[in-house]
>>> print(open('start_26.cif').read())   # mmCIF, C-alpha atoms
data_entry
loop_
_atom_site.label_atom_id
_atom_site.label_comp_id
_atom_site.auth_asym_id
_atom_site.auth_seq_id
_atom_site.Cartn_x
_atom_site.Cartn_y
_atom_site.Cartn_z
CA MET V 1 -77.00 -72.85 -206.22
CA VAL V 2 -76.75 -71.54 -209.77
CA SER V 3 -79.11 -68.67 -210.55
CA THR V 4 -77.52 -66.95 -213.55
CA ILE V 5 -75.48 -67.97 -216.57
CA PHE V 6 -73.38 -65.32 -218.29
CA PHE V 7 -72.04 -65.85 -221.80
CA ASP V 8 -69.24 -64.36 -223.83
CA LEU V 9 -70.62 -63.16 -227.17
CA ASP V 10 -68.34 -63.88 -230.14
CA GLY V 11 -67.79 -67.60 -230.56
CA THR V 12 -69.77 -68.59 -227.48
CA LEU V 13 -73.27 -67.25 -228.02
CA VAL V 14 -73.14 -65.91 -231.57
CA ASP V 15 -71.21 -66.83 -234.72
CA THR V 16 -69.77 -63.47 -235.78
CA ALA V 17 -66.66 -64.82 -237.51
CA PRO V 18 -67.92 -64.38 -241.11
CA ASP V 19 -68.51 -60.65 -240.61
CA LEU V 20 -65.34 -60.12 -238.56
CA GLY V 21 -63.42 -61.87 -241.32
CA HIS V 22 -65.15 -59.96 -244.09
CA ALA V 23 -64.06 -56.67 -242.51
CA LEU V 24 -60.47 -57.90 -242.23
CA ASN V 25 -60.42 -58.98 -245.86
CA LEU V 26 -61.79 -55.61 -246.94
CA GLN V 27 -58.90 -54.01 -245.08
CA LEU V 28 -56.33 -56.39 -246.53
CA ILE V 29 -57.55 -55.66 -250.05
CA ARG V 30 -57.44 -51.92 -249.33
CA HIS V 31 -53.75 -52.31 -248.50
CA GLY V 32 -52.95 -54.44 -251.52
CA LYS V 33 -52.83 -57.74 -249.68
CA GLN V 34 -54.49 -61.04 -250.48
CA PRO V 35 -57.66 -61.87 -248.49
CA LEU V 36 -57.52 -64.75 -246.04
CA ALA V 37 -59.67 -67.87 -246.05
CA ASP V 38 -62.47 -68.07 -243.48
CA ALA V 39 -60.79 -71.10 -241.92
CA ALA V 40 -57.65 -69.05 -241.25
CA ILE V 41 -59.57 -66.18 -239.65
CA ARG V 42 -62.09 -68.11 -237.55
CA PRO V 43 -59.71 -69.19 -234.71
CA PHE V 44 -58.80 -65.51 -234.16
CA ALA V 45 -62.36 -64.19 -234.14
CA SER V 46 -62.59 -64.21 -230.34
CA HIS V 47 -59.50 -62.03 -230.02
CA GLY V 48 -61.19 -58.89 -231.29
CA SER V 49 -59.64 -56.19 -233.43
CA ARG V 50 -56.23 -56.69 -231.81
CA GLY V 51 -56.06 -60.34 -232.82
CA LEU V 52 -57.52 -59.83 -236.27
CA VAL V 53 -55.31 -56.90 -237.21
CA GLY V 54 -52.38 -58.85 -235.84
CA LEU V 55 -53.30 -61.83 -237.99
CA GLY V 56 -53.74 -59.78 -241.14
CA PHE V 57 -50.82 -57.39 -240.84
CA GLY V 58 -48.42 -58.99 -238.37
CA ILE V 59 -48.48 -56.06 -235.97
CA THR V 60 -49.09 -55.68 -232.24
CA PRO V 61 -50.20 -52.78 -230.03
CA LYS V 62 -46.50 -51.95 -229.61
CA ASP V 63 -46.21 -51.00 -233.29
CA ASP V 64 -46.50 -47.29 -234.14
CA ASN V 65 -49.22 -47.80 -236.73
CA PHE V 66 -51.32 -50.24 -234.72
CA ILE V 67 -53.90 -47.72 -233.48
CA LYS V 68 -54.42 -46.36 -236.98
CA MET V 69 -54.87 -49.86 -238.43
CA ARG V 70 -57.16 -50.95 -235.60
CA ASP V 71 -59.37 -47.91 -236.01
CA GLU V 72 -59.52 -48.48 -239.76
CA TYR V 73 -60.55 -52.09 -239.14
CA LEU V 74 -63.28 -51.06 -236.70
CA SER V 75 -64.62 -48.54 -239.20
CA LEU V 76 -64.86 -51.25 -241.86
CA TYR V 77 -66.42 -53.69 -239.39
CA GLU V 78 -69.04 -51.09 -238.50
CA SER V 79 -70.29 -51.22 -242.08
CA VAL V 80 -70.71 -55.02 -242.17
CA PHE V 81 -71.16 -56.31 -238.60
CA THR V 82 -74.89 -57.02 -238.90
CA ARG V 83 -74.67 -58.86 -242.24
CA SER V 84 -74.94 -62.42 -240.95
CA PRO V 85 -74.62 -62.98 -237.16
CA VAL V 86 -76.49 -66.09 -236.00
CA LEU V 87 -76.75 -67.99 -232.74
CA LEU V 88 -74.33 -70.89 -232.69
CA PRO V 89 -75.93 -74.34 -233.11
CA GLY V 90 -77.71 -75.44 -229.95
CA ILE V 91 -77.62 -72.02 -228.26
CA ALA V 92 -81.28 -71.18 -228.92
CA GLU V 93 -82.33 -74.43 -227.27
CA LEU V 94 -79.95 -73.84 -224.35
CA LEU V 95 -81.37 -70.37 -223.69
CA HIS V 96 -84.89 -71.80 -223.67
CA ALA V 97 -83.76 -74.52 -221.23
CA ILE V 98 -82.26 -71.89 -218.92
CA GLU V 99 -85.45 -69.84 -219.01
CA ALA V 100 -87.62 -72.94 -218.47
CA LYS V 101 -85.72 -73.58 -215.23
CA GLY V 102 -86.53 -70.06 -214.07
CA LEU V 103 -82.88 -69.04 -214.28
CA LYS V 104 -81.44 -65.86 -215.77
CA TRP V 105 -78.86 -65.42 -218.50
CA GLY V 106 -76.84 -62.48 -219.70
CA VAL V 107 -74.02 -61.41 -221.99
CA VAL V 108 -70.60 -60.16 -220.91
CA THR V 109 -68.31 -59.38 -223.83
CA ASN V 110 -65.19 -57.40 -224.64
CA LYS V 111 -66.93 -56.13 -227.77
CA PRO V 112 -67.49 -52.34 -227.70
CA ARG V 113 -71.07 -51.33 -226.90
CA ARG V 114 -71.43 -49.56 -230.25
CA PHE V 115 -71.37 -53.04 -231.82
CA THR V 116 -72.82 -55.22 -229.07
CA MET V 117 -76.34 -53.84 -228.80
CA PRO V 118 -77.07 -53.32 -232.53
CA LEU V 119 -75.71 -56.80 -233.28
CA ILE V 120 -77.88 -58.52 -230.68
CA GLU V 121 -80.95 -56.52 -231.68
CA SER V 122 -80.39 -57.26 -235.37
CA MET V 123 -80.80 -60.98 -234.69
CA GLY V 124 -84.38 -60.70 -233.46
CA MET V 125 -85.78 -63.41 -231.16
CA ASN V 126 -86.24 -60.68 -228.51
CA LEU V 127 -82.74 -61.50 -227.26
CA SER V 128 -81.94 -58.04 -225.92
CA LYS V 129 -85.07 -58.13 -223.73
CA ARG V 130 -84.71 -61.77 -222.69
CA ALA V 131 -81.17 -61.16 -221.44
CA ALA V 132 -81.01 -60.13 -217.79
CA CYS V 133 -78.10 -57.86 -218.69
CA ILE V 134 -75.74 -57.07 -221.56
CA VAL V 135 -72.33 -55.73 -220.53
CA SER V 136 -69.75 -54.63 -223.10
CA GLY V 137 -66.00 -54.29 -222.82
CA ASP V 138 -66.07 -50.50 -222.61
CA ASP V 139 -68.77 -50.39 -219.92
CA ALA V 140 -66.15 -50.88 -217.19
CA PRO V 141 -62.68 -49.42 -216.64
CA GLN V 142 -61.06 -52.70 -217.69
CA PRO V 143 -62.29 -55.48 -220.01
CA LYS V 144 -61.58 -59.18 -219.54
CA PRO V 145 -59.32 -60.77 -218.27
CA SER V 146 -60.20 -58.28 -215.53
CA PRO V 147 -63.32 -59.41 -213.64
CA ALA V 148 -64.71 -55.85 -213.73
CA THR V 149 -67.37 -56.43 -216.40
CA LEU V 150 -68.49 -59.69 -214.81
CA LEU V 151 -68.85 -58.04 -211.41
CA MET V 152 -70.76 -55.21 -213.07
CA ALA V 153 -73.13 -57.79 -214.56
CA CYS V 154 -73.70 -59.29 -211.10
CA GLU V 155 -74.60 -55.87 -209.74
CA GLN V 156 -77.05 -55.27 -212.58
CA VAL V 157 -78.76 -58.63 -212.02
CA SER V 158 -78.50 -58.43 -208.20
CA VAL V 159 -76.82 -61.82 -207.93
CA LYS V 160 -73.74 -63.08 -206.09
CA PRO V 161 -70.80 -64.16 -208.31
CA GLU V 162 -70.62 -67.54 -206.59
CA ASN V 163 -74.14 -68.28 -207.86
CA CYS V 164 -73.12 -67.63 -211.47
CA ILE V 165 -71.57 -69.56 -214.34
CA TYR V 166 -69.47 -67.83 -217.00
CA VAL V 167 -69.14 -69.52 -220.39
CA GLY V 168 -66.48 -68.45 -222.86
CA ASP V 169 -64.16 -69.70 -225.58
CA ALA V 170 -60.96 -67.80 -224.73
CA GLU V 171 -58.47 -68.06 -221.88
CA ARG V 172 -59.21 -64.49 -220.77
CA ASP V 173 -62.86 -65.52 -220.28
CA ILE V 174 -61.84 -68.21 -217.82
CA GLN V 175 -59.35 -65.91 -216.10
CA ALA V 176 -62.04 -63.25 -215.63
CA GLY V 177 -64.62 -65.74 -214.42
CA LYS V 178 -62.26 -67.28 -211.88
CA ALA V 179 -61.17 -63.83 -210.66
CA ALA V 180 -64.84 -63.00 -210.14
CA SER V 181 -65.36 -66.24 -208.13
CA MET V 182 -67.75 -67.73 -210.70
CA LYS V 183 -67.91 -71.27 -212.02
CA THR V 184 -66.24 -71.26 -215.44
CA VAL V 185 -66.95 -73.26 -218.57
CA VAL V 186 -64.97 -73.46 -221.82
CA ALA V 187 -67.09 -73.56 -224.99
CA LEU V 188 -65.00 -75.90 -227.12
CA PHE V 189 -67.43 -75.30 -230.00
CA GLY V 190 -66.20 -71.70 -230.16
CA TYR V 191 -63.22 -70.06 -231.80
CA ILE V 192 -60.53 -72.29 -230.35
CA ASN V 193 -57.15 -72.14 -232.08
CA VAL V 194 -55.08 -75.29 -232.58
CA THR V 195 -52.38 -73.64 -230.47
CA ASP V 196 -54.78 -73.04 -227.56
CA LYS V 197 -54.64 -75.34 -224.55
CA PRO V 198 -58.09 -75.03 -222.95
CA HIS V 199 -57.44 -78.02 -220.67
CA GLU V 200 -54.77 -75.90 -218.97
CA TRP V 201 -56.99 -72.86 -218.36
CA GLY V 202 -58.35 -74.21 -215.08
CA ALA V 203 -62.05 -74.11 -215.96
CA ASP V 204 -64.58 -76.08 -213.96
CA MET V 205 -65.93 -77.72 -217.10
CA MET V 206 -65.40 -77.96 -220.86
CA ILE V 207 -68.33 -78.54 -223.19
CA GLU V 208 -68.34 -79.67 -226.81
CA ILE V 209 -72.00 -78.78 -227.42
CA PRO V 210 -74.19 -76.21 -225.62
CA SER V 211 -76.63 -78.75 -224.14
CA GLN V 212 -73.84 -80.21 -221.98
CA LEU V 213 -74.01 -77.05 -219.88
CA GLU V 214 -77.37 -78.21 -218.52
CA LYS V 215 -75.51 -80.63 -216.22
CA LEU V 216 -74.54 -77.62 -214.11
CA PHE V 217 -78.09 -76.39 -213.54
#
>>> encode(input="start_26.cif", output="structure tokens")
Amino acid sequence: MVSTIFFDLDGTLVDTAPDLGHALNLQLIRHGKQPLADAAIRPFASHGSRGLVGLGFGITPKDDNFIKMRDEYLSLYESVFTRSPVLLPGIAELLHAIEAKGLKWGVVTNKPRRFTMPLIESMGMNLSKRAACIVSGDDAPQPKPSPATLLMACEQVSVKPENCIYVGDAERDIQAGKAASMKTVVALFGYINVTDKPHEWGADMMIEIPSQLEKLF
């Protein structure tokens, strides 16, 4: 019996790619590089600062200058991250449908809390109060693919994991949801890269538009 639906944030609930990409392009320009097209950045938007810095500069956390470049990116993102976030098409209607059924919904993201709460509150619609909980990546010892943040969300809402659905657009979302014993759903409308293979992630369901999730509740 489903009682709660948890959502990933970037690319599942909210379209943050334009601002994530804008920050990356500001950093690229700062270092004398050409900015990237939105279409090139969008598939990496769910992978956070690690994926975006990797895309722009071809470095990984193993590189000596990665931490410096990541921190510089986050500083730039902090200046632009509330420019234009919007709910993805169909999400507003889905949240109303969940609430109309008397069910709860919440957010579980790897985004640092310093960005998560201001971003959600900047969008209005009373989202931060409507959500049963909002858990960020740095709220628990380990972010996704660890189930720690999802289990923390269950504790905050006083719900059993097996009565929850987790919706995300990255493989780590499905890994975390499965490890937490939740039903898992891939949001194909999110930031899916052409090299991704969501049909191999082992989710319980894949949806092309948000309203298809209603079949599960």
>>> closest_residue(input="start_26.cif", among="V:Ala179, V:Ala17, V:Ile5, V:Ile134", to="Ser146 (chain V)", atoms="only C-alpha atoms")
V:Ala179
>>> residues_around(input="start_26.cif", residues="His47 (chain V)", least_positions_apart="5", cutoff="12 Å", atoms="all atoms listed in the file", output="PDB file with C-alpha atoms, in the coordinates of the input")
ATOM      1  CA  ASP V   8     -69.240 -64.360-223.830  1.00  0.00           C
ATOM      2  CA  LEU V   9     -70.620 -63.160-227.170  1.00  0.00           C
ATOM      3  CA  ASP V  10     -68.340 -63.880-230.140  1.00  0.00           C
ATOM      4  CA  GLY V  11     -67.790 -67.600-230.560  1.00  0.00           C
ATOM      5  CA  THR V  16     -69.770 -63.470-235.780  1.00  0.00           C
ATOM      6  CA  ALA V  17     -66.660 -64.820-237.510  1.00  0.00           C
ATOM      7  CA  LEU V  20     -65.340 -60.120-238.560  1.00  0.00           C
ATOM      8  CA  GLY V  21     -63.420 -61.870-241.320  1.00  0.00           C
ATOM      9  CA  ILE V  41     -59.570 -66.180-239.650  1.00  0.00           C
ATOM     10  CA  ARG V  42     -62.090 -68.110-237.550  1.00  0.00           C
ATOM     11  CA  LEU V  52     -57.520 -59.830-236.270  1.00  0.00           C
ATOM     12  CA  VAL V  53     -55.310 -56.900-237.210  1.00  0.00           C
ATOM     13  CA  GLY V  54     -52.380 -58.850-235.840  1.00  0.00           C
ATOM     14  CA  LEU V  55     -53.300 -61.830-237.990  1.00  0.00           C
ATOM     15  CA  THR V 109     -68.310 -59.380-223.830  1.00  0.00           C
ATOM     16  CA  ASN V 110     -65.190 -57.400-224.640  1.00  0.00           C
ATOM     17  CA  LYS V 111     -66.930 -56.130-227.770  1.00  0.00           C
ATOM     18  CA  LYS V 144     -61.580 -59.180-219.540  1.00  0.00           C
ATOM     19  CA  PRO V 145     -59.320 -60.770-218.270  1.00  0.00           C
ATOM     20  CA  GLY V 168     -66.480 -68.450-222.860  1.00  0.00           C
ATOM     21  CA  ASP V 169     -64.160 -69.700-225.580  1.00  0.00           C
ATOM     22  CA  ALA V 170     -60.960 -67.800-224.730  1.00  0.00           C
ATOM     23  CA  GLU V 171     -58.470 -68.060-221.880  1.00  0.00           C
ATOM     24  CA  ARG V 172     -59.210 -64.490-220.770  1.00  0.00           C
ATOM     25  CA  ASP V 173     -62.860 -65.520-220.280  1.00  0.00           C
ATOM     26  CA  GLY V 190     -66.200 -71.700-230.160  1.00  0.00           C
ATOM     27  CA  TYR V 191     -63.220 -70.060-231.800  1.00  0.00           C
ATOM     28  CA  ILE V 192     -60.530 -72.290-230.350  1.00  0.00           C
ATOM     29  CA  ASN V 193     -57.150 -72.140-232.080  1.00  0.00           C
TER      30      ASN V 193
END
>>> residues_around(input="start_26.cif", residues="Ser84 (chain V)", least_positions_apart="5", cutoff="10 Å", atoms="only C-alpha atoms", output="PyMOL selection string")
chain V and resi 15-19+119+122-123
>>> write_last_selection(input="start_26.cif", atoms="C-alpha atoms", output="PDB file, in the frame of the given file")
ATOM      1  CA  ASP V  15     -71.210 -66.830-234.720  1.00  0.00           C
ATOM      2  CA  THR V  16     -69.770 -63.470-235.780  1.00  0.00           C
ATOM      3  CA  ALA V  17     -66.660 -64.820-237.510  1.00  0.00           C
ATOM      4  CA  PRO V  18     -67.920 -64.380-241.110  1.00  0.00           C
ATOM      5  CA  ASP V  19     -68.510 -60.650-240.610  1.00  0.00           C
ATOM      6  CA  LEU V 119     -75.710 -56.800-233.280  1.00  0.00           C
ATOM      7  CA  SER V 122     -80.390 -57.260-235.370  1.00  0.00           C
ATOM      8  CA  MET V 123     -80.800 -60.980-234.690  1.00  0.00           C
TER       9      MET V 123
END
>>> closest_residue(input="start_26.cif", among="V:Gly106, V:Gly137, V:Gly48, V:Gly177", to="Ala153 (chain V)", atoms="all atoms listed in the file")
V:Gly106
>>> closest_residue(input="start_26.cif", among="V:Leu127, V:Ile120, V:Val135, V:Leu94", to="Gln156 (chain V)", atoms="only C-alpha atoms")
V:Val135
>>> closest_residue(input="start_26.cif", among="V:Ile98, V:Glu78, V:Ala180, V:Ile174", to="Lys215 (chain V)", atoms="all atoms listed in the file")
V:Ile98
>>> atom_distance(input="start_26.cif", atom1="CA of Lys160 (chain V)", atom2="CA of Gly202 (chain V)")
21.0 Å
>>> atom_distance(input="start_26.cif", atom1="CA of Pro89 (chain V)", atom2="CA of Pro210 (chain V)")
7.9 Å
>>> atom_distance(input="start_26.cif", atom1="CA of Val14 (chain V)", atom2="CA of Val157 (chain V)")
21.6 Å
>>> residues_around(input="start_26.cif", residues="Val185 (chain V)", least_positions_apart="4", cutoff="7 Å", atoms="all atoms listed in the file", output="list in words")
Tyr166, Val167, Gly168, Ala203, Asp204, Met205 and Met206 of chain V
>>> write_last_selection(input="start_26.cif", atoms="C-alpha atoms", output="PDB file, in the frame of the given file")
ATOM      1  CA  TYR V 166     -69.470 -67.830-217.000  1.00  0.00           C
ATOM      2  CA  VAL V 167     -69.140 -69.520-220.390  1.00  0.00           C
ATOM      3  CA  GLY V 168     -66.480 -68.450-222.860  1.00  0.00           C
ATOM      4  CA  ALA V 203     -62.050 -74.110-215.960  1.00  0.00           C
ATOM      5  CA  ASP V 204     -64.580 -76.080-213.960  1.00  0.00           C
ATOM      6  CA  MET V 205     -65.930 -77.720-217.100  1.00  0.00           C
ATOM      7  CA  MET V 206     -65.400 -77.960-220.860  1.00  0.00           C
TER       8      MET V 206
END
>>> resolve_selection(input="start_26.cif", expression="the PyMOL selection byres ((chain V and resi 75) around 12)", output="VMD selection string")
chain V and resid 20 23 to 24 26 to 27 49 68 to 74 76 to 81 114 to 115
>>> resolve_selection(input="start_26.cif", expression="the PyMOL selection byres ((chain V and resi 211) around 9)", output="PDB file with C-alpha atoms, in the coordinates of the input")
ATOM      1  CA  GLY V  90     -77.710 -75.440-229.950  1.00  0.00           C
ATOM      2  CA  ILE V  91     -77.620 -72.020-228.260  1.00  0.00           C
ATOM      3  CA  GLU V  93     -82.330 -74.430-227.270  1.00  0.00           C
ATOM      4  CA  LEU V  94     -79.950 -73.840-224.350  1.00  0.00           C
ATOM      5  CA  ALA V  97     -83.760 -74.520-221.230  1.00  0.00           C
ATOM      6  CA  ILE V 207     -68.330 -78.540-223.190  1.00  0.00           C
ATOM      7  CA  GLU V 208     -68.340 -79.670-226.810  1.00  0.00           C
ATOM      8  CA  ILE V 209     -72.000 -78.780-227.420  1.00  0.00           C
ATOM      9  CA  PRO V 210     -74.190 -76.210-225.620  1.00  0.00           C
ATOM     10  CA  GLN V 212     -73.840 -80.210-221.980  1.00  0.00           C
ATOM     11  CA  LEU V 213     -74.010 -77.050-219.880  1.00  0.00           C
ATOM     12  CA  GLU V 214     -77.370 -78.210-218.520  1.00  0.00           C
ATOM     13  CA  LYS V 215     -75.510 -80.630-216.220  1.00  0.00           C
TER      14      LYS V 215
END
>>> resolve_selection(input="start_26.cif", expression="the PyMOL selection byres ((chain V and resi 129) around 12)", output="PDB file with C-alpha atoms, in the coordinates of the input")
ATOM      1  CA  LYS V 104     -81.440 -65.860-215.770  1.00  0.00           C
ATOM      2  CA  TRP V 105     -78.860 -65.420-218.500  1.00  0.00           C
ATOM      3  CA  GLY V 106     -76.840 -62.480-219.700  1.00  0.00           C
ATOM      4  CA  VAL V 107     -74.020 -61.410-221.990  1.00  0.00           C
ATOM      5  CA  MET V 117     -76.340 -53.840-228.800  1.00  0.00           C
ATOM      6  CA  ILE V 120     -77.880 -58.520-230.680  1.00  0.00           C
ATOM      7  CA  GLU V 121     -80.950 -56.520-231.680  1.00  0.00           C
ATOM      8  CA  GLY V 124     -84.380 -60.700-233.460  1.00  0.00           C
ATOM      9  CA  MET V 125     -85.780 -63.410-231.160  1.00  0.00           C
ATOM     10  CA  ASN V 126     -86.240 -60.680-228.510  1.00  0.00           C
ATOM     11  CA  LEU V 127     -82.740 -61.500-227.260  1.00  0.00           C
ATOM     12  CA  SER V 128     -81.940 -58.040-225.920  1.00  0.00           C
ATOM     13  CA  ARG V 130     -84.710 -61.770-222.690  1.00  0.00           C
ATOM     14  CA  ALA V 131     -81.170 -61.160-221.440  1.00  0.00           C
ATOM     15  CA  ALA V 132     -81.010 -60.130-217.790  1.00  0.00           C
ATOM     16  CA  CYS V 133     -78.100 -57.860-218.690  1.00  0.00           C
ATOM     17  CA  ILE V 134     -75.740 -57.070-221.560  1.00  0.00           C
TER      18      ILE V 134
END
>>> closest_residue(input="start_26.cif", among="V:Ser136, V:Asp196, V:Asp64, V:Leu103", to="Val2 (chain V)", atoms="all atoms listed in the file")
V:Leu103
>>> closest_residue(input="start_26.cif", among="V:Pro161, V:Pro112, V:Pro85, V:Gly102", to="Asp138 (chain V)", atoms="all atoms listed in the file")
V:Pro112
>>> build_atoms(input="start_26.cif", residues="region 123-142 of chain V", atoms="N, CA and C atoms", output="PDB file, in the coordinates of the input")
ATOM      1  N   MET V 123     -80.528 -59.557-234.566  1.00  0.00           N
ATOM      2  CA  MET V 123     -80.800 -60.980-234.690  1.00  0.00           C
ATOM      3  C   MET V 123     -82.240 -61.352-234.361  1.00  0.00           C
ATOM      4  N   GLY V 124     -82.988 -60.403-233.801  1.00  0.00           N
ATOM      5  CA  GLY V 124     -84.380 -60.700-233.460  1.00  0.00           C
ATOM      6  C   GLY V 124     -84.481 -61.632-232.268  1.00  0.00           C
ATOM      7  N   MET V 125     -85.532 -62.432-232.224  1.00  0.00           N
ATOM      8  CA  MET V 125     -85.780 -63.410-231.160  1.00  0.00           C
ATOM      9  C   MET V 125     -85.919 -62.747-229.788  1.00  0.00           C
ATOM     10  N   ASN V 126     -86.049 -61.415-229.775  1.00  0.00           N
ATOM     11  CA  ASN V 126     -86.240 -60.680-228.510  1.00  0.00           C
ATOM     12  C   ASN V 126     -85.075 -60.878-227.557  1.00  0.00           C
ATOM     13  N   LEU V 127     -83.894 -61.160-228.092  1.00  0.00           N
ATOM     14  CA  LEU V 127     -82.740 -61.500-227.260  1.00  0.00           C
ATOM     15  C   LEU V 127     -82.364 -60.385-226.297  1.00  0.00           C
ATOM     16  N   SER V 128     -82.384 -59.143-226.773  1.00  0.00           N
ATOM     17  CA  SER V 128     -81.940 -58.040-225.920  1.00  0.00           C
ATOM     18  C   SER V 128     -82.860 -57.848-224.716  1.00  0.00           C
ATOM     19  N   LYS V 129     -84.132 -58.238-224.846  1.00  0.00           N
ATOM     20  CA  LYS V 129     -85.070 -58.130-223.730  1.00  0.00           C
ATOM     21  C   LYS V 129     -85.061 -59.386-222.867  1.00  0.00           C
ATOM     22  N   ARG V 130     -84.774 -60.523-223.456  1.00  0.00           N
ATOM     23  CA  ARG V 130     -84.710 -61.770-222.690  1.00  0.00           C
ATOM     24  C   ARG V 130     -83.474 -61.806-221.789  1.00  0.00           C
ATOM     25  N   ALA V 131     -82.397 -61.177-222.230  1.00  0.00           N
ATOM     26  CA  ALA V 131     -81.170 -61.160-221.440  1.00  0.00           C
ATOM     27  C   ALA V 131     -81.359 -60.331-220.174  1.00  0.00           C
ATOM     28  N   ALA V 132     -80.904 -60.862-219.052  1.00  0.00           N
ATOM     29  CA  ALA V 132     -81.010 -60.130-217.790  1.00  0.00           C
ATOM     30  C   ALA V 132     -80.102 -58.911-217.791  1.00  0.00           C
ATOM     31  N   CYS V 133     -79.000 -58.995-218.532  1.00  0.00           N
ATOM     32  CA  CYS V 133     -78.100 -57.860-218.690  1.00  0.00           C
ATOM     33  C   CYS V 133     -77.216 -58.093-219.907  1.00  0.00           C
ATOM     34  N   ILE V 134     -76.698 -57.006-220.458  1.00  0.00           N
ATOM     35  CA  ILE V 134     -75.740 -57.070-221.560  1.00  0.00           C
ATOM     36  C   ILE V 134     -74.642 -56.066-221.226  1.00  0.00           C
ATOM     37  N   VAL V 135     -73.452 -56.578-220.930  1.00  0.00           N
ATOM     38  CA  VAL V 135     -72.330 -55.730-220.530  1.00  0.00           C
ATOM     39  C   VAL V 135     -71.230 -55.830-221.587  1.00  0.00           C
ATOM     40  N   SER V 136     -70.780 -54.676-222.070  1.00  0.00           N
ATOM     41  CA  SER V 136     -69.750 -54.630-223.100  1.00  0.00           C
ATOM     42  C   SER V 136     -68.386 -54.288-222.510  1.00  0.00           C
ATOM     43  N   GLY V 137     -67.357 -54.478-223.302  1.00  0.00           N
ATOM     44  CA  GLY V 137     -66.000 -54.290-222.820  1.00  0.00           C
ATOM     45  C   GLY V 137     -65.687 -52.880-222.360  1.00  0.00           C
ATOM     46  N   ASP V 138     -66.345 -51.894-222.979  1.00  0.00           N
ATOM     47  CA  ASP V 138     -66.070 -50.500-222.610  1.00  0.00           C
ATOM     48  C   ASP V 138     -67.061 -49.955-221.584  1.00  0.00           C
ATOM     49  N   ASP V 139     -67.852 -50.820-220.981  1.00  0.00           N
ATOM     50  CA  ASP V 139     -68.770 -50.390-219.920  1.00  0.00           C
ATOM     51  C   ASP V 139     -68.066 -50.257-218.575  1.00  0.00           C
ATOM     52  N   ALA V 140     -66.913 -50.896-218.437  1.00  0.00           N
ATOM     53  CA  ALA V 140     -66.150 -50.880-217.190  1.00  0.00           C
ATOM     54  C   ALA V 140     -64.747 -50.337-217.470  1.00  0.00           C
ATOM     55  N   PRO V 141     -64.029 -49.946-216.433  1.00  0.00           N
ATOM     56  CA  PRO V 141     -62.680 -49.420-216.640  1.00  0.00           C
ATOM     57  C   PRO V 141     -61.739 -50.396-217.331  1.00  0.00           C
ATOM     58  N   GLN V 142     -61.934 -51.692-217.093  1.00  0.00           N
ATOM     59  CA  GLN V 142     -61.060 -52.700-217.690  1.00  0.00           C
ATOM     60  C   GLN V 142     -61.901 -53.858-218.235  1.00  0.00           C
TER      61      GLN V 142
END
